[in-house]
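Input: a single structure, listed below in structure tokens.
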Amino acid sequence: MNHKKIKCAVIGLGWWGTQMSEKILKSGKFEIVTIYDTNISNAKEFAKKHGSSVANSVEDALTDSIDCVFIFSPNQFHLQHCTLAAKAKKHIFLEKPIANTSKEGRTIINICERNEVILAVAHNVRYYNIFKKVKELIKKGTVGEIVYIESNRSRPIGFGIDENSWRFYKKSCNGGPLIQMAIHLLDTIYFITNDSPKKIHSFTQKRFLKTENPETFSVDIENKSGSVSHVFTSYVLSESFYINIFGTKGSIFADPLNGLYVQRQKDFQRKSVSFKQNDPEQDEINEFYKSIKNGGAFSNPSPEEALENVKLIEQILRSR
């Protein structure tokens, strides 16, 4: 491709799809040629603002004029939409999770491989510079041997989820906050530690919401290195977002909302650590652009890593 901007389609203009579409355009690397969303008025409003056309279906959006597609549709449509895109020979940027189930995720990977299209599964949290810095600190030996990892990603959005929302049901959102939020913690923990899970125990709560899924998950994981991870997520608690690492030489406290701190083993106080703030979604969009331009696979994460994240979600659900 010799033209500067890569022409693309966007499937799904919910809240996150709209946010990401603005970032796609802001990157200066893509031109959104066509948009499809079941909410036609939203699609028309966005298209009018940015000079795009509105498709009547996913198939209509996958025209010969585009090279790739950004898919922000609900989980239960990922297999269907990726299948259509891959068969149309369009490279795919797919919002996490890769699918609601590992079986569907494997099918998506296989069909992309058969049609020789790039599959980028968007796990944006591993792109946060704060967590890249944590990975660097661990590698430098700041914490010594990791003993314990504590993490929490919670938001009180459950009170707005009713029977009209796809997040309400197990079939369309397998695990509720576990697959929507905690999957980020799991992906990032193993990204920064280069570890992997060995044994899982979890319990859930459902006290305040009527959703089919539990509203709260508490997960303990014994890792292959011997360390222990605790992952907590809830749809009824105030905004929380952190991964804390405790080791034989010190501890790291990483919270994108409040900063990065290190506490040495013999110190009583935490010391702030500087890092360069970034736009993680913009960085992963740029990475997708490079993959297409260079004709290489998208590897951060690889499709197989994205699939392992869903397999881990399924393991946690079975461990209750």
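Here, A, B, ... name the chains of the structure tokens in the order displayed, residue numbers run from 1 inside each chain, and ligands are numbered from 1 in the same displayed order.
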Which residues in stretch 185-217 of chain A does DSSP call helix (DSSP H, G or I)? List them as an NGL selection string.
-> :A and (185-193)
Which neighbours of stretch 236-244 of chain A fall inside 8 Å, counting only C-alpha atoms, when residues of the same chain fewer than 2 positions from it are skipped, and could you give them as a VMD selection string?
-> chain A and resid 149 to 159 185 189 208 215 to 216 234 246 251 to 257
Go ahead and write the residues just picked, C-alpha atoms, as a PDB file, in the first residue's frame.
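Written file, part.pdb:
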ATOM      1  CA  ILE A 149       0.391  -9.714  43.261  1.00  0.00           C
ATOM      2  CA  GLU A 150      -2.743  -7.800  44.230  1.00  0.00           C
ATOM      3  CA  SER A 151      -5.033  -6.257  41.620  1.00  0.00           C
ATOM      4  CA  ASN A 152      -8.450  -4.661  41.301  1.00  0.00           C
ATOM      5  CA  ARG A 153     -10.479  -3.321  38.380  1.00  0.00           C
ATOM      6  CA  SER A 154     -13.930  -2.223  39.434  1.00  0.00           C
ATOM      7  CA  ARG A 155     -16.520   0.264  38.245  1.00  0.00           C
ATOM      8  CA  PRO A 156     -20.111   0.847  39.460  1.00  0.00           C
ATOM      9  CA  ILE A 157     -21.601   0.459  35.979  1.00  0.00           C
ATOM     10  CA  GLY A 158     -23.660  -2.580  36.972  1.00  0.00           C
ATOM     11  CA  PHE A 159     -26.470  -0.429  38.290  1.00  0.00           C
ATOM     12  CA  LEU A 185      -5.690  -7.433  34.878  1.00  0.00           C
ATOM     13  CA  ILE A 189      -0.124  -9.331  35.070  1.00  0.00           C
ATOM     14  CA  PHE A 208     -27.263  -6.035  44.431  1.00  0.00           C
ATOM     15  CA  GLU A 215     -21.522  -8.835  39.958  1.00  0.00           C
ATOM     16  CA  THR A 216     -18.273  -9.481  41.876  1.00  0.00           C
ATOM     17  CA  SER A 234     -16.855  -5.751  40.607  1.00  0.00           C
ATOM     18  CA  PHE A 246       5.202  -7.510  46.334  1.00  0.00           C
ATOM     19  CA  SER A 251       7.030  -3.541  46.337  1.00  0.00           C
ATOM     20  CA  ILE A 252       5.553  -1.694  43.366  1.00  0.00           C
ATOM     21  CA  PHE A 253       2.186   0.077  43.480  1.00  0.00           C
ATOM     22  CA  ALA A 254       0.853   0.868  39.997  1.00  0.00           C
ATOM     23  CA  ASP A 255      -2.421   2.770  39.688  1.00  0.00           C
ATOM     24  CA  PRO A 256      -3.144   4.614  36.407  1.00  0.00           C
ATOM     25  CA  LEU A 257      -5.596   6.810  38.308  1.00  0.00           C
TER      26      LEU A 257
END
Among the residues A:Thr193, A:Gln19, A:Thr83, A:Asn300, the one that comes closest to A:Ile109 [using only C-alpha atoms] = A:Thr83
Between A:Ser202, A:Thr18, A:Asn129, A:Thr233, which has the minimum distance to A:Ile179 (counting only C-alpha atoms)?
->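 With only C-alpha atoms as the atom set, the closest residue is A:Thr233.
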What is the atom CA of A:Val228 to atom CA of A:Thr248 distance in Å?
->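 So the answer is 13.4 Å.
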Could you name the residues that touch stretch 258-265 of chain A at 9 Å or less, counting only C-alpha atoms, but leaving out those on the same chain fewer than 6 positions away, as a PyMOL selection string?
-> chain A and resi 130+133-134+142-143+242+247-252+271-275
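Atom CA of A:Leu62 is positioned 10.3 Å from atom CA of A:His81.
Put simply, atom CA of A:Tyr289 is 21.8 Å away from atom CA of A:Ala47.
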Quick one: residues within 9 Å of A:Leu307, only C-alpha atoms counted, chain neighbours fewer than 2 positions away excluded, as an MDAnalysis selection string?
-> chainID A and resid 97:99 101:102 105:106 109 302:305 309:312
Looking at A:Arg207, A:Phe288, A:Gln180, A:Gly226, which one is nearest to A:Asp195, with distances taken over only C-alpha atoms?
->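 Looking at the shortest contact to A:Asp195, the residue is A:Gly226.
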Each stretch 182-247 of chain A residue no farther than 9 Å from stretch 116-127 of chain A, nearest pair in Å, only C-alpha atoms, as a Markdown table:
| residue | atom | partner | partner_atom | distance |
| --- | --- | --- | --- | --- |
| A:Ile183 | CA | A:His123 | CA | 8.8 |
| A:His184 | CA | A:Val125 | CA | 6.2 |
| A:Leu185 | CA | A:Val125 | CA | 8.0 |
| A:Asp187 | CA | A:Arg126 | CA | 7.3 |
| A:Thr188 | CA | A:Arg126 | CA | 5.2 |
| A:Ile189 | CA | A:Arg126 | CA | 8.7 |
| A:Phe191 | CA | A:Arg126 | CA | 7.0 |
| A:Ile192 | CA | A:Arg126 | CA | 8.1 |
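Omitting A:Phe72 and its sequence neighbours fewer than 2 positions away, and counting only C-alpha atoms, the residues within 10 Å are Val10, Ile11, Gly12, Leu13, Gly14, Trp15, Trp16, Gly17, Thr18, Met20, Ser21, Asp37, Val69, Phe70, Pro74, Asn75, Phe77, His78, His81, Phe93, Leu94, Glu95, Lys96 and Ala122 of chain A.
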Could you name the residues that touch A:Thr34 at 9 Å or less, counting only C-alpha atoms, but leaving out those on the same chain fewer than 4 positions away, as a ChimeraX atom specification?
-> /A:8-11,47,52-55,60-63,66
For N, CA and C atoms, I'd like the residues from the last selection saved as a PDB file, in the first residue's frame.
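Writing the result to part-v3.pdb gives the following:
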ATOM      1  N   CYS A   8     -10.450   2.179   6.000  1.00  0.00           N
ATOM      2  CA  CYS A   8     -11.020   1.167   6.891  1.00  0.00           C
ATOM      3  C   CYS A   8     -12.521   1.349   7.060  1.00  0.00           C
ATOM      4  N   ALA A   9     -13.120   0.335   7.659  1.00  0.00           N
ATOM      5  CA  ALA A   9     -14.519   0.392   8.083  1.00  0.00           C
ATOM      6  C   ALA A   9     -14.551   0.235   9.594  1.00  0.00           C
ATOM      7  N   VAL A  10     -15.602   0.749  10.217  1.00  0.00           N
ATOM      8  CA  VAL A  10     -15.815   0.575  11.651  1.00  0.00           C
ATOM      9  C   VAL A  10     -17.141  -0.134  11.858  1.00  0.00           C
ATOM     10  N   ILE A  11     -17.102  -1.205  12.645  1.00  0.00           N
ATOM     11  CA  ILE A  11     -18.308  -1.950  12.990  1.00  0.00           C
ATOM     12  C   ILE A  11     -18.564  -1.765  14.482  1.00  0.00           C
ATOM     13  N   ALA A  47     -21.042   9.684  10.809  1.00  0.00           N
ATOM     14  CA  ALA A  47     -20.640   9.726   9.405  1.00  0.00           C
ATOM     15  C   ALA A  47     -20.704  11.150   8.844  1.00  0.00           C
ATOM     16  N   SER A  52     -17.922  10.122   6.357  1.00  0.00           N
ATOM     17  CA  SER A  52     -17.968   8.686   6.043  1.00  0.00           C
ATOM     18  C   SER A  52     -19.343   8.327   5.507  1.00  0.00           C
ATOM     19  N   SER A  53     -19.473   7.120   4.971  1.00  0.00           N
ATOM     20  CA  SER A  53     -20.767   6.633   4.533  1.00  0.00           C
ATOM     21  C   SER A  53     -21.308   5.646   5.561  1.00  0.00           C
ATOM     22  N   VAL A  54     -22.604   5.431   5.541  1.00  0.00           N
ATOM     23  CA  VAL A  54     -23.251   4.499   6.476  1.00  0.00           C
ATOM     24  C   VAL A  54     -23.662   3.244   5.723  1.00  0.00           C
ATOM     25  N   ALA A  55     -23.214   2.099   6.213  1.00  0.00           N
ATOM     26  CA  ALA A  55     -23.565   0.817   5.584  1.00  0.00           C
ATOM     27  C   ALA A  55     -24.852   0.283   6.183  1.00  0.00           C
ATOM     28  N   ASP A  60     -22.184  -4.982   3.768  1.00  0.00           N
ATOM     29  CA  ASP A  60     -22.111  -3.772   2.949  1.00  0.00           C
ATOM     30  C   ASP A  60     -20.937  -2.883   3.333  1.00  0.00           C
ATOM     31  N   ALA A  61     -20.499  -2.987   4.599  1.00  0.00           N
ATOM     32  CA  ALA A  61     -19.382  -2.163   5.057  1.00  0.00           C
ATOM     33  C   ALA A  61     -18.045  -2.664   4.531  1.00  0.00           C
ATOM     34  N   LEU A  62     -17.985  -3.946   4.179  1.00  0.00           N
ATOM     35  CA  LEU A  62     -16.725  -4.565   3.757  1.00  0.00           C
ATOM     36  C   LEU A  62     -16.533  -4.422   2.252  1.00  0.00           C
ATOM     37  N   THR A  63     -16.450  -3.192   1.796  1.00  0.00           N
ATOM     38  CA  THR A  63     -16.356  -2.914   0.368  1.00  0.00           C
ATOM     39  C   THR A  63     -14.933  -3.112  -0.144  1.00  0.00           C
ATOM     40  N   ILE A  66     -11.868  -0.677   1.029  1.00  0.00           N
ATOM     41  CA  ILE A  66     -11.193  -0.659   2.330  1.00  0.00           C
ATOM     42  C   ILE A  66     -10.182  -1.800   2.439  1.00  0.00           C
TER      43      ILE A  66
END
Pick out the closest residue to A:Gly144 from this set: A:Ile111, A:Leu209, A:Ile245, A:Ile221. Count only C-alpha atoms.
-> A:Ile245
